[in-house]
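Participant: protein_23.txt (compact mmCIF, C-alpha atoms) pasted underneath:
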# COMPACT_ATOMS: atom_id res chain seq x y z
CA MET A 1 55.73 -93.08 -20.71
CA SER A 2 53.72 -95.38 -22.99
CA ASP A 3 50.27 -96.62 -21.95
CA VAL A 4 50.41 -100.13 -23.47
CA LEU A 5 53.42 -102.11 -24.69
CA THR A 6 53.90 -105.56 -26.20
CA ILE A 7 57.01 -107.38 -24.96
CA ARG A 8 58.50 -110.66 -26.07
CA VAL A 9 61.05 -112.75 -24.17
CA PRO A 10 62.98 -115.76 -25.50
CA ALA A 11 63.25 -119.24 -24.09
CA THR A 12 66.68 -120.17 -22.79
CA THR A 13 68.82 -123.24 -22.31
CA ALA A 14 71.28 -123.33 -19.42
CA ASN A 15 74.47 -125.25 -18.60
CA LEU A 16 74.98 -126.48 -22.21
CA GLY A 17 76.52 -129.60 -20.72
CA PRO A 18 79.57 -128.74 -18.62
CA GLY A 19 78.86 -125.06 -17.85
CA PHE A 20 76.80 -125.75 -14.73
CA ASP A 21 75.15 -122.54 -13.48
CA CYS A 22 77.46 -120.36 -15.60
CA LEU A 23 76.45 -120.74 -19.27
CA GLY A 24 73.14 -119.85 -20.90
CA MET A 25 71.79 -119.31 -24.41
CA ALA A 26 68.61 -117.68 -25.72
CA LEU A 27 66.48 -119.69 -28.17
CA SER A 28 64.07 -118.66 -30.92
CA LEU A 29 60.95 -119.58 -28.96
CA TRP A 30 59.04 -116.72 -27.38
CA ASN A 31 56.57 -115.71 -24.72
CA THR A 32 54.67 -112.52 -25.53
CA MET A 33 52.98 -110.18 -23.08
CA ARG A 34 50.95 -107.01 -23.41
CA VAL A 35 51.36 -104.70 -20.44
CA GLY A 36 49.75 -101.41 -19.48
CA TRP A 37 48.67 -99.33 -16.52
CA ALA A 38 45.42 -100.23 -14.80
CA ASP A 39 43.21 -99.19 -11.89
CA LYS A 40 43.80 -102.56 -10.23
CA PRO A 41 46.08 -105.59 -10.90
CA THR A 42 44.76 -107.62 -13.84
CA LEU A 43 46.19 -110.79 -15.39
CA SER A 44 45.05 -112.82 -18.39
CA LEU A 45 47.03 -115.87 -19.53
CA HIS A 46 46.91 -117.95 -22.72
CA GLY A 47 48.91 -120.83 -24.15
CA LEU A 48 51.11 -123.54 -22.68
CA GLY A 49 50.59 -124.18 -18.99
CA ALA A 50 48.31 -121.18 -18.51
CA GLU A 51 45.88 -123.26 -16.46
CA HIS A 52 48.60 -123.96 -13.87
CA LEU A 53 49.55 -120.32 -13.21
CA ARG A 54 48.15 -117.74 -10.84
CA ARG A 55 46.01 -114.91 -12.16
CA ASP A 56 46.59 -112.49 -9.30
CA PRO A 57 49.46 -110.27 -8.08
CA GLY A 58 51.19 -113.40 -6.79
CA ASN A 59 51.94 -114.41 -10.39
CA LEU A 60 55.70 -114.41 -11.04
CA MET A 61 55.42 -111.92 -13.92
CA TYR A 62 53.48 -109.49 -11.80
CA ARG A 63 55.69 -109.89 -8.72
CA SER A 64 58.76 -109.26 -10.86
CA ALA A 65 57.23 -106.14 -12.39
CA GLU A 66 56.41 -104.90 -8.90
CA ARG A 67 60.10 -105.06 -7.96
CA VAL A 68 60.75 -102.39 -10.58
CA LEU A 69 57.79 -100.32 -9.41
CA VAL A 70 59.11 -100.45 -5.83
CA GLU A 71 62.66 -99.59 -6.84
CA THR A 72 61.54 -96.59 -8.90
CA GLY A 73 59.10 -95.24 -6.32
CA ASN A 74 55.93 -96.21 -8.19
CA THR A 75 54.38 -98.46 -5.55
CA GLY A 76 50.94 -96.90 -5.94
CA ARG A 77 50.53 -98.01 -9.54
CA SER A 78 48.88 -101.19 -10.86
CA LEU A 79 49.41 -103.13 -14.06
CA SER A 80 47.34 -105.04 -16.56
CA ILE A 81 49.20 -108.03 -18.01
CA GLU A 82 48.01 -110.33 -20.78
CA ALA A 83 50.45 -113.09 -21.75
CA TRP A 84 50.66 -115.65 -24.56
CA GLN A 85 52.98 -118.53 -23.65
CA GLU A 86 54.88 -120.69 -26.10
CA ILE A 87 57.62 -121.76 -23.66
CA PRO A 88 56.52 -124.96 -21.88
CA LEU A 89 56.60 -125.07 -18.09
CA SER A 90 59.09 -127.20 -16.15
CA ARG A 91 60.96 -128.44 -19.21
CA GLY A 92 64.31 -126.71 -18.66
CA LEU A 93 63.63 -123.99 -21.24
CA GLY A 94 63.55 -120.99 -18.93
CA SER A 95 59.83 -120.46 -18.45
CA SER A 96 60.34 -118.91 -15.01
CA SER A 97 63.19 -116.74 -16.28
CA ALA A 98 60.99 -115.55 -19.15
CA ALA A 99 58.30 -114.59 -16.64
CA ILE A 100 60.78 -112.73 -14.43
CA VAL A 101 62.55 -110.95 -17.26
CA GLY A 102 59.27 -110.16 -18.99
CA GLY A 103 57.87 -108.58 -15.84
CA ILE A 104 60.87 -106.43 -14.99
CA TYR A 105 61.55 -105.42 -18.59
CA ALA A 106 57.92 -104.49 -19.21
CA ALA A 107 57.64 -102.36 -16.08
CA ASN A 108 60.93 -100.62 -16.85
CA ALA A 109 59.82 -99.93 -20.43
CA LEU A 110 56.46 -98.54 -19.30
CA LEU A 111 58.31 -96.15 -16.98
CA GLY A 112 60.65 -94.93 -19.73
CA TYR A 113 63.67 -97.14 -18.87
CA PRO A 114 64.80 -95.61 -15.56
CA LEU A 115 66.82 -98.73 -14.64
CA SER A 116 69.93 -99.80 -16.54
CA PRO A 117 70.16 -103.21 -18.22
CA HIS A 118 72.72 -104.25 -15.60
CA ARG A 119 70.38 -103.32 -12.77
CA LEU A 120 67.62 -105.33 -14.44
CA LEU A 121 70.01 -108.29 -14.59
CA GLU A 122 70.76 -107.92 -10.87
CA LEU A 123 67.05 -107.75 -10.02
CA ALA A 124 66.25 -110.77 -12.19
CA THR A 125 69.07 -112.75 -10.58
CA GLU A 126 67.84 -111.86 -7.09
CA ILE A 127 64.38 -113.18 -7.97
CA GLU A 128 65.50 -116.28 -9.90
CA GLY A 129 68.47 -117.22 -7.75
CA HIS A 130 70.75 -118.03 -10.72
CA PRO A 131 71.81 -115.75 -13.59
CA ASP A 132 72.45 -118.41 -16.25
CA ASN A 133 68.89 -118.27 -17.64
CA VAL A 134 67.92 -114.67 -16.92
CA ALA A 135 71.03 -113.16 -18.58
CA PRO A 136 70.34 -114.57 -22.08
CA ALA A 137 66.59 -114.00 -21.65
CA LEU A 138 67.34 -110.34 -21.00
CA MET A 139 70.23 -109.77 -23.42
CA GLY A 140 69.88 -112.52 -26.04
CA GLY A 141 72.66 -114.66 -27.47
CA MET A 142 74.90 -116.76 -25.25
CA SER A 143 76.35 -115.55 -21.97
CA ILE A 144 79.02 -116.58 -19.51
CA VAL A 145 77.64 -115.48 -16.16
CA VAL A 146 79.63 -115.05 -12.96
CA SER A 147 78.53 -113.68 -9.59
CA ASP A 148 81.07 -111.75 -7.53
CA GLY A 149 79.38 -111.15 -4.21
CA THR A 150 76.26 -109.16 -5.06
CA THR A 151 77.56 -108.18 -8.52
CA VAL A 152 76.58 -110.21 -11.57
CA HIS A 153 78.79 -110.22 -14.65
CA ALA A 154 77.49 -111.47 -18.00
CA ALA A 155 79.97 -111.75 -20.88
CA PRO A 156 78.57 -112.42 -24.37
CA VAL A 157 79.86 -115.35 -26.45
CA PRO A 158 79.84 -114.96 -30.25
CA LEU A 159 77.97 -117.78 -31.99
CA PRO A 160 78.20 -119.23 -35.50
CA GLU A 161 75.48 -117.96 -37.82
CA ASP A 162 74.50 -121.48 -38.92
CA LEU A 163 74.23 -123.08 -35.48
CA GLN A 164 70.97 -124.96 -34.92
CA CYS A 165 69.45 -126.34 -31.74
CA VAL A 166 67.24 -129.41 -32.07
CA VAL A 167 65.18 -129.44 -28.90
CA TYR A 168 63.41 -132.59 -27.73
CA ILE A 169 60.62 -131.59 -25.32
CA PRO A 170 59.19 -134.51 -23.34
CA ASP A 171 55.59 -134.49 -22.21
CA MET A 172 56.98 -135.20 -18.73
CA PRO A 173 57.85 -132.08 -16.71
CA MET A 174 60.89 -131.95 -14.44
CA ALA A 175 60.75 -129.80 -11.32
CA THR A 176 64.02 -127.90 -10.84
CA HIS A 177 64.08 -128.60 -7.09
CA GLU A 178 63.77 -132.34 -7.79
CA ALA A 179 66.59 -132.26 -10.34
CA ARG A 180 68.82 -130.32 -7.90
CA SER A 181 68.04 -132.62 -4.99
CA VAL A 182 70.15 -135.42 -6.50
CA LEU A 183 73.28 -133.23 -6.65
CA GLY A 184 75.77 -133.62 -3.83
CA PRO A 185 77.43 -130.68 -2.04
CA GLU A 186 80.95 -131.67 -3.16
CA VAL A 187 82.55 -133.05 -6.33
CA PRO A 188 85.83 -134.91 -6.91
CA ARG A 189 88.71 -132.80 -8.17
CA ALA A 190 88.98 -134.93 -11.31
CA ASP A 191 85.35 -134.13 -12.18
CA ALA A 192 85.90 -130.42 -11.57
CA VAL A 193 88.91 -130.46 -13.91
CA PHE A 194 86.94 -132.50 -16.47
CA ASN A 195 84.17 -129.88 -16.55
CA ALA A 196 86.46 -126.85 -16.43
CA GLY A 197 88.30 -128.05 -19.52
CA ARG A 198 85.16 -128.84 -21.44
CA THR A 199 83.49 -125.56 -20.52
CA ALA A 200 86.51 -123.69 -21.89
CA LEU A 201 86.55 -125.90 -24.99
CA LEU A 202 82.84 -125.30 -25.55
CA VAL A 203 83.25 -121.53 -25.52
CA ALA A 204 86.26 -121.78 -27.85
CA SER A 205 84.44 -124.18 -30.18
CA LEU A 206 81.46 -121.84 -30.55
CA THR A 207 83.47 -118.64 -30.74
CA LEU A 208 85.89 -120.00 -33.35
CA ASP A 209 83.21 -122.02 -35.20
CA ARG A 210 84.99 -125.33 -34.66
CA PRO A 211 82.05 -127.76 -34.54
CA GLU A 212 84.33 -130.79 -34.49
CA TYR A 213 84.93 -130.10 -30.79
CA LEU A 214 81.27 -129.88 -29.76
CA ARG A 215 80.76 -133.57 -29.01
CA LEU A 216 83.63 -133.57 -26.55
CA ALA A 217 82.90 -130.07 -25.28
CA THR A 218 79.28 -130.81 -24.25
CA GLN A 219 80.27 -133.70 -21.97
CA ASP A 220 79.68 -133.30 -18.24
CA ARG A 221 80.31 -135.01 -14.91
CA LEU A 222 78.83 -132.50 -12.43
CA HIS A 223 75.09 -132.83 -12.93
CA GLN A 224 73.93 -134.96 -15.89
CA PRO A 225 75.07 -138.38 -14.59
CA GLN A 226 73.42 -137.63 -11.25
CA ARG A 227 70.20 -136.44 -12.89
CA GLN A 228 70.02 -139.61 -14.92
CA ARG A 229 68.96 -141.32 -11.68
CA VAL A 230 65.60 -139.55 -11.92
CA TYR A 231 65.65 -139.25 -15.73
CA ARG A 232 66.56 -142.73 -16.85
CA GLN A 233 65.73 -142.12 -20.54
CA MET A 234 68.26 -139.30 -20.87
CA LYS A 235 71.28 -141.34 -21.98
CA VAL A 236 69.45 -143.26 -24.70
CA ILE A 237 68.11 -139.97 -26.09
CA PHE A 238 71.68 -138.59 -26.08
CA ASP A 239 72.98 -141.71 -27.83
CA HIS A 240 70.35 -141.55 -30.57
CA ALA A 241 71.00 -137.85 -31.19
CA LEU A 242 74.73 -138.45 -31.61
CA ALA A 243 74.18 -141.52 -33.80
CA ALA A 244 71.94 -139.38 -36.04
CA GLY A 245 74.72 -136.84 -36.54
CA ALA A 246 74.35 -134.31 -33.73
CA ARG A 247 77.52 -132.34 -33.11
CA GLY A 248 76.87 -132.35 -29.38
CA VAL A 249 73.98 -133.01 -27.00
CA PHE A 250 73.08 -131.99 -23.46
CA LEU A 251 70.30 -131.71 -20.90
CA SER A 252 68.66 -128.30 -21.08
CA GLY A 253 68.94 -126.74 -17.64
CA ALA A 254 67.52 -129.17 -15.10
CA GLY A 255 65.50 -130.94 -17.84
CA SER A 256 63.45 -132.54 -19.05
CA SER A 257 64.23 -131.10 -22.50
CA VAL A 258 67.33 -132.25 -24.39
CA VAL A 259 69.18 -130.01 -26.86
CA ALA A 260 71.33 -131.26 -29.74
CA PHE A 261 73.65 -129.01 -31.73
CA THR A 262 73.83 -129.23 -35.49
CA LYS A 263 74.76 -126.97 -38.40
CA GLN A 264 72.16 -125.56 -40.76
CA GLY A 265 73.82 -126.73 -43.97
CA GLU A 266 74.19 -130.33 -42.81
CA ASN A 267 70.45 -131.05 -43.17
CA ARG A 268 70.41 -133.37 -40.17
CA ALA A 269 68.13 -131.44 -37.83
CA PHE A 270 64.90 -133.31 -38.50
CA THR A 271 66.63 -136.70 -38.53
CA ILE A 272 68.14 -135.89 -35.13
CA GLY A 273 64.80 -134.72 -33.81
CA TYR A 274 62.93 -137.79 -35.02
CA GLU A 275 65.59 -140.07 -33.55
CA MET A 276 65.43 -138.37 -30.15
CA ALA A 277 61.63 -138.54 -30.15
CA ASP A 278 61.71 -142.21 -31.20
CA ALA A 279 64.24 -143.04 -28.47
CA GLY A 280 62.10 -141.30 -25.89
CA ASP A 281 58.93 -142.99 -27.06
CA LYS A 282 60.47 -146.48 -27.04
CA SER A 283 61.74 -145.92 -23.50
CA GLY A 284 58.35 -144.78 -22.23
CA LEU A 285 58.79 -141.02 -22.59
CA THR A 286 56.58 -139.38 -25.20
CA GLY A 287 57.37 -135.92 -26.49
CA SER A 288 57.95 -133.72 -29.52
CA PHE A 289 60.81 -131.73 -30.97
CA GLN A 290 61.44 -128.29 -32.43
CA VAL A 291 64.29 -127.04 -34.59
CA LEU A 292 65.34 -123.67 -33.17
CA LYS A 293 68.11 -121.15 -33.61
CA PRO A 294 70.01 -119.26 -30.95
CA SER A 295 68.17 -115.96 -30.55
CA ARG A 296 70.39 -112.93 -31.07
CA GLY A 297 67.83 -110.75 -29.32
CA GLY A 298 66.60 -110.88 -25.75
CA ALA A 299 63.63 -109.16 -24.16
CA GLU A 300 62.32 -106.40 -26.39
CA VAL A 301 59.36 -104.20 -27.19
CA ILE A 302 57.67 -105.17 -30.45
CA PRO A 303 54.75 -103.72 -32.45
CA HIS A 304 51.37 -105.07 -31.35
CA PRO A 305 51.27 -108.35 -33.30
CA LYS A 306 48.17 -109.37 -35.24
CA GLY A 307 46.33 -112.29 -33.69
CA LEU A 308 46.88 -111.11 -30.12
CA GLU A 309 43.72 -109.04 -30.06
Show this structure as structure tokens.
Facilitator:
Amino acid sequence: MSDVLTIRVPATTANLGPGFDCLGMALSLWNTMRVGWADKPTLSLHGLGAEHLRRDPGNLMYRSAERVLVETGNTGRSLSIEAWQEIPLSRGLGSSSAAIVGGIYAANALLGYPLSPHRLLELATEIEGHPDNVAPALMGGMSIVVSDGTTVHAAPVPLPEDLQCVVYIPDMPMATHEARSVLGPEVPRADAVFNAGRTALLVASLTLDRPEYLRLATQDRLHQPQRQRVYRQMKVIFDHALAAGARGVFLSGAGSSVVAFTKQGENRAFTIGYEMADAGDKSGLTGSFQVLKPSRGGAEVIPHPKGLE
């Protein structure tokens, strides 16, 4: 067993438009944490949103790590966690999933990997409540996630090498519980069929590298129109992204971030980003954008990086 490890975990985007609670993708934006054994629980946090997070064993990273310690019979041990956060909080980019996956992966790695990746996925899903963000955070890439009773299945989706994700990140956070509160318990059959077809088309479009389908395939009727009631700027940001040449556009998870698909060789990414930011700003929503790639890798141990001393 190692004494100190450095772990990184990617941001994620869920739903991808029509795939509500069943599609997720890892992004090339990372939280990093250094974890080791300690005489008593210790937490040190840096970066985005650090001032809003607990620095005691109630912290989500620490609680998640403790689940692994309990499961493996190591309840008497304590951890030291130092984390550097680049994933913004409450923006639909999987900050809570990164904390959960980081905690369980780090504890498992410190113990010499006694738990299988699938068991880690089950634990992460139990903590998070939904597997669509934790699966890509743990495994990388894009996943189709399905729960069958207590069993979670995550099937990987091959992605084009030149796929880009232009991510508009508003300064305004969006609490997941608020974004879910506007969703009704039932949906019309026509809307269910609409989303089922587009979810299938989205997977086919990405797997077969048919970007001409992405605009149609990222459309949705199950959650985005309803969430526009509390996120009135969303549609104008979508419209500006598409007008600037985005292949498709969607709300990232429960928001408030918006993701637009483009292809690397088309040289439209920055134009799309500037247009989304301008649309947000003119409608009273300031923010910034980043041009990211889907991350092939998920949670992993890395060499101690310089600058994190």
Participant: When you count only C-alpha atoms, which of these residues is closest to Ser181 in chain A: A:His223, A:Ala154, A:Thr12, A:Ala98?
Facilitator: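 Looking at the shortest contact to Ser181 in chain A, the residue is A:His223.
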Participant: Rounded to one decimal place, report the CA of Gly103 in chain A-CA of Gly17 in chain A distance in Å.
Facilitator: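 Separation between CA of Gly103 in chain A and CA of Gly17 in chain A: 28.5 Å.
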Participant: Just give me the gap between CA of Glu51 in chain A and CA of Gly36 in chain A in Å, one decimal is fine.
Facilitator: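 Separation of CA of Glu51 in chain A and CA of Gly36 in chain A: 22.4 Å.
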Participant: Any idea what the distance is between CA of Ser205 in chain A and CA of His118 in chain A?
Facilitator: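 Between these atoms lies a distance of 27.3 Å.
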Participant: For the point (65.5, -104.0, -17.6) in the file's frame, write as a list in words all residues with an atom no more than 8 Å away, counting all atoms listed in the file.
Facilitator: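 The residues that fall inside the cut-off are Val101, Ile104, Tyr105, Ala106, Asn108, Ala109, Tyr113, Leu115, Ser116, Pro117, His118, Arg119, Leu120, Leu121 and Leu138 of chain A.
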Participant: Do you know which residues are at most 10 Å from Ala200 in chain A counting only C-alpha atoms, after dropping those on the same chain fewer than 6 positions away, and could you put them as a count of residues only?
Facilitator: 3
Participant: Would you mind telling me which residue in A:Gln85, A:Gln228, A:Ser288, A:Thr13 lies nearest to Val134 in chain A when using only C-alpha atoms?
Facilitator: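 Smallest separation from Val134 in chain A among the options: A:Thr13.
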Participant: Report as an MDAnalysis selection string all protein, DNA and RNA residues lying within 12 Å of Val70 in chain A, evaluated on only C-alpha atoms, omitting residues in the same chain fewer than 3 positions from it.
Facilitator: chainID A and resid 63:67 73:78 104 107:108 111 115 123
Participant: Give me, as a list in words, all polymer residues having an atom no more than 10 Å from Thr125 in chain A, counting only C-alpha atoms and skipping those fewer than 4 positions away in the same chain.
Facilitator: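 Answer for this query is Ser97, Ile100, Val101, Arg119, Leu120, Leu121, Gly129, His130, Pro131, Asp132, Asn133, Val134, Ala135, Ser147, Thr150, Thr151 and Val152 of chain A.
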Participant: Given the choices A:Met33, A:Ile272, A:Leu5, A:Val258, which gets closest to Ala244 in chain A if the distance is worked out from only C-alpha atoms?
Facilitator: A:Ile272
Participant: Could you pull the residues within 12 Å of Asn267 in chain A, counting all atoms listed in the file, minus those fewer than 3 positions along the same chain, as JSON, numbers by chain?
Facilitator: {"A": [162, 163, 164, 166, 244, 245, 246, 262, 263, 264, 270, 271, 272, 273, 291]}
Participant: Which residues come within 12 Å of Leu29 in chain A, counting all atoms listed in the file, excluding same-chain residues fewer than 6 positions away, as an MDAnalysis selection string?
Facilitator: chainID A and resid 8:13 84:88 93:95 98 137 140 165 167 290:299
Participant: Grab all the atoms of range 205-220 of chain A that the file lists, wrap them in a box along x, y and z, add 6 Å per side, and give me centre plus edge lengths in Å (one decimal) as lines of an AutoDock Vina configuration file.
Facilitator:
center_x = 82.6
center_y = -126.2
center_z = -26.7
size_x = 18.6
size_y = 27.1
size_z = 29.0
Participant: Could you check which of A:Leu222, A:Ile7, A:Leu60, A:Met142 is closest to Glu186 in chain A, using all atoms listed in the file?
Facilitator: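 Of A:Leu222, A:Ile7, A:Leu60, A:Met142, the one nearest Glu186 in chain A is A:Leu222, counting all atoms listed in the file.
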Participant: Using all atoms listed in the file and a cutoff of 6 Å, can you tell me which residues are near (52.1, -108.5, -22.7) in the file's coordinates, and write them out as an MDAnalysis selection string?
Facilitator: chainID A and resid 6:7 32:35 81:83
Participant: Would you please work out which residue, of A:Gly248, A:Pro160, A:Pro303, A:Pro185, is nearest to Asp209 in chain A when using only C-alpha atoms?
Facilitator: A:Pro160
Participant: Could you check which of A:Ala124, A:Gly265, A:Gly112, A:Leu183 is closest to Glu161 in chain A, using all atoms listed in the file?
Facilitator: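 Nearest to Glu161 in chain A: A:Gly265.
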Participant: Would it be fine to have range 77-87 of chain A, with all heavy atoms, given as a PDB file, in the first residue's frame?
Facilitator:
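The resulting selection.pdb:
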ATOM      1  N   ARG A  77      -8.909   3.719  10.332  1.00  0.00           N
ATOM      2  CA  ARG A  77      -7.878   4.525   9.685  1.00  0.00           C
ATOM      3  C   ARG A  77      -8.414   5.906   9.317  1.00  0.00           C
ATOM      4  O   ARG A  77      -9.604   6.085   9.047  1.00  0.00           O
ATOM      5  CB  ARG A  77      -7.360   3.814   8.432  1.00  0.00           C
ATOM      6  CG  ARG A  77      -6.954   2.364   8.697  1.00  0.00           C
ATOM      7  CD  ARG A  77      -6.095   1.809   7.604  1.00  0.00           C
ATOM      8  NE  ARG A  77      -4.754   2.389   7.638  1.00  0.00           N
ATOM      9  CZ  ARG A  77      -3.735   1.924   6.915  1.00  0.00           C
ATOM     10  NH1 ARG A  77      -3.907   0.895   6.107  1.00  0.00           N
ATOM     11  NH2 ARG A  77      -2.543   2.480   6.989  1.00  0.00           N
ATOM     12  N   SER A  78      -7.524   6.892   9.286  1.00  0.00           N
ATOM     13  CA  SER A  78      -7.881   8.268   8.918  1.00  0.00           C
ATOM     14  C   SER A  78      -7.066   8.702   7.707  1.00  0.00           C
ATOM     15  O   SER A  78      -5.997   8.158   7.429  1.00  0.00           O
ATOM     16  CB  SER A  78      -7.616   9.225  10.085  1.00  0.00           C
ATOM     17  OG  SER A  78      -8.426   8.910  11.194  1.00  0.00           O
ATOM     18  N   LEU A  79      -7.595   9.697   7.013  1.00  0.00           N
ATOM     19  CA  LEU A  79      -6.972  10.173   5.779  1.00  0.00           C
ATOM     20  C   LEU A  79      -6.619  11.644   5.874  1.00  0.00           C
ATOM     21  O   LEU A  79      -7.274  12.427   6.566  1.00  0.00           O
ATOM     22  CB  LEU A  79      -7.932   9.979   4.599  1.00  0.00           C
ATOM     23  CG  LEU A  79      -8.310   8.545   4.233  1.00  0.00           C
ATOM     24  CD1 LEU A  79      -9.454   8.553   3.241  1.00  0.00           C
ATOM     25  CD2 LEU A  79      -7.115   7.801   3.672  1.00  0.00           C
ATOM     26  N   SER A  80      -5.597  12.004   5.119  1.00  0.00           N
ATOM     27  CA  SER A  80      -5.276  13.396   4.853  1.00  0.00           C
ATOM     28  C   SER A  80      -5.568  13.661   3.382  1.00  0.00           C
ATOM     29  O   SER A  80      -5.061  12.946   2.510  1.00  0.00           O
ATOM     30  CB  SER A  80      -3.800  13.673   5.153  1.00  0.00           C
ATOM     31  OG  SER A  80      -3.433  14.968   4.696  1.00  0.00           O
ATOM     32  N   ILE A  81      -6.412  14.664   3.109  1.00  0.00           N
ATOM     33  CA  ILE A  81      -6.784  14.992   1.736  1.00  0.00           C
ATOM     34  C   ILE A  81      -6.475  16.456   1.475  1.00  0.00           C
ATOM     35  O   ILE A  81      -6.894  17.336   2.230  1.00  0.00           O
ATOM     36  CB  ILE A  81      -8.286  14.737   1.481  1.00  0.00           C
ATOM     37  CG1 ILE A  81      -8.619  13.256   1.661  1.00  0.00           C
ATOM     38  CG2 ILE A  81      -8.679  15.214   0.082  1.00  0.00           C
ATOM     39  CD1 ILE A  81     -10.102  12.944   1.493  1.00  0.00           C
ATOM     40  N   GLU A  82      -5.736  16.716   0.408  1.00  0.00           N
ATOM     41  CA  GLU A  82      -5.535  18.076  -0.084  1.00  0.00           C
ATOM     42  C   GLU A  82      -6.008  18.107  -1.531  1.00  0.00           C
ATOM     43  O   GLU A  82      -5.601  17.262  -2.338  1.00  0.00           O
ATOM     44  CB  GLU A  82      -4.063  18.488   0.008  1.00  0.00           C
ATOM     45  CG  GLU A  82      -3.838  19.948  -0.355  1.00  0.00           C
ATOM     46  CD  GLU A  82      -2.445  20.461  -0.027  1.00  0.00           C
ATOM     47  OE1 GLU A  82      -1.550  19.623   0.242  1.00  0.00           O
ATOM     48  OE2 GLU A  82      -2.246  21.684  -0.043  1.00  0.00           O
ATOM     49  N   ALA A  83      -6.889  19.039  -1.855  1.00  0.00           N
ATOM     50  CA  ALA A  83      -7.522  19.051  -3.179  1.00  0.00           C
ATOM     51  C   ALA A  83      -7.367  20.404  -3.852  1.00  0.00           C
ATOM     52  O   ALA A  83      -7.442  21.450  -3.199  1.00  0.00           O
ATOM     53  CB  ALA A  83      -9.002  18.696  -3.052  1.00  0.00           C
ATOM     54  N   TRP A  84      -7.136  20.363  -5.170  1.00  0.00           N
ATOM     55  CA  TRP A  84      -7.066  21.545  -6.020  1.00  0.00           C
ATOM     56  C   TRP A  84      -8.196  21.439  -7.034  1.00  0.00           C
ATOM     57  O   TRP A  84      -8.227  20.518  -7.858  1.00  0.00           O
ATOM     58  CB  TRP A  84      -5.717  21.605  -6.731  1.00  0.00           C
ATOM     59  CG  TRP A  84      -4.553  21.831  -5.812  1.00  0.00           C
ATOM     60  CD1 TRP A  84      -3.941  23.021  -5.535  1.00  0.00           C
ATOM     61  CD2 TRP A  84      -3.845  20.844  -5.040  1.00  0.00           C
ATOM     62  NE1 TRP A  84      -2.908  22.839  -4.657  1.00  0.00           N
ATOM     63  CE2 TRP A  84      -2.819  21.517  -4.329  1.00  0.00           C
ATOM     64  CE3 TRP A  84      -3.988  19.458  -4.880  1.00  0.00           C
ATOM     65  CZ2 TRP A  84      -1.942  20.853  -3.485  1.00  0.00           C
ATOM     66  CZ3 TRP A  84      -3.112  18.793  -4.023  1.00  0.00           C
ATOM     67  CH2 TRP A  84      -2.101  19.479  -3.341  1.00  0.00           C
ATOM     68  N   GLN A  85      -9.117  22.396  -7.008  1.00  0.00           N
ATOM     69  CA  GLN A  85     -10.362  22.278  -7.776  1.00  0.00           C
ATOM     70  C   GLN A  85     -10.387  23.220  -8.972  1.00  0.00           C
ATOM     71  O   GLN A  85     -10.270  24.430  -8.818  1.00  0.00           O
ATOM     72  CB  GLN A  85     -11.552  22.556  -6.856  1.00  0.00           C
ATOM     73  CG  GLN A  85     -11.591  21.602  -5.687  1.00  0.00           C
ATOM     74  CD  GLN A  85     -12.853  21.735  -4.862  1.00  0.00           C
ATOM     75  OE1 GLN A  85     -13.195  20.835  -4.114  1.00  0.00           O
ATOM     76  NE2 GLN A  85     -13.556  22.838  -4.992  1.00  0.00           N
ATOM     77  N   GLU A  86     -10.560  22.624 -10.141  1.00  0.00           N
ATOM     78  CA  GLU A  86     -10.748  23.401 -11.366  1.00  0.00           C
ATOM     79  C   GLU A  86     -12.174  23.287 -11.887  1.00  0.00           C
ATOM     80  O   GLU A  86     -12.579  24.044 -12.760  1.00  0.00           O
ATOM     81  CB  GLU A  86      -9.766  22.933 -12.439  1.00  0.00           C
ATOM     82  CG  GLU A  86      -8.304  23.192 -12.092  1.00  0.00           C
ATOM     83  CD  GLU A  86      -7.366  22.837 -13.232  1.00  0.00           C
ATOM     84  OE1 GLU A  86      -7.852  22.613 -14.361  1.00  0.00           O
ATOM     85  OE2 GLU A  86      -6.148  22.770 -12.996  1.00  0.00           O
ATOM     86  N   ILE A  87     -12.942  22.327 -11.374  1.00  0.00           N
ATOM     87  CA  ILE A  87     -14.334  22.145 -11.801  1.00  0.00           C
ATOM     88  C   ILE A  87     -15.210  23.066 -10.960  1.00  0.00           C
ATOM     89  O   ILE A  87     -15.240  22.948  -9.726  1.00  0.00           O
ATOM     90  CB  ILE A  87     -14.782  20.685 -11.619  1.00  0.00           C
ATOM     91  CG1 ILE A  87     -13.855  19.731 -12.372  1.00  0.00           C
ATOM     92  CG2 ILE A  87     -16.223  20.518 -12.093  1.00  0.00           C
ATOM     93  CD1 ILE A  87     -14.103  18.259 -12.068  1.00  0.00           C
TER      94      ILE A  87
END
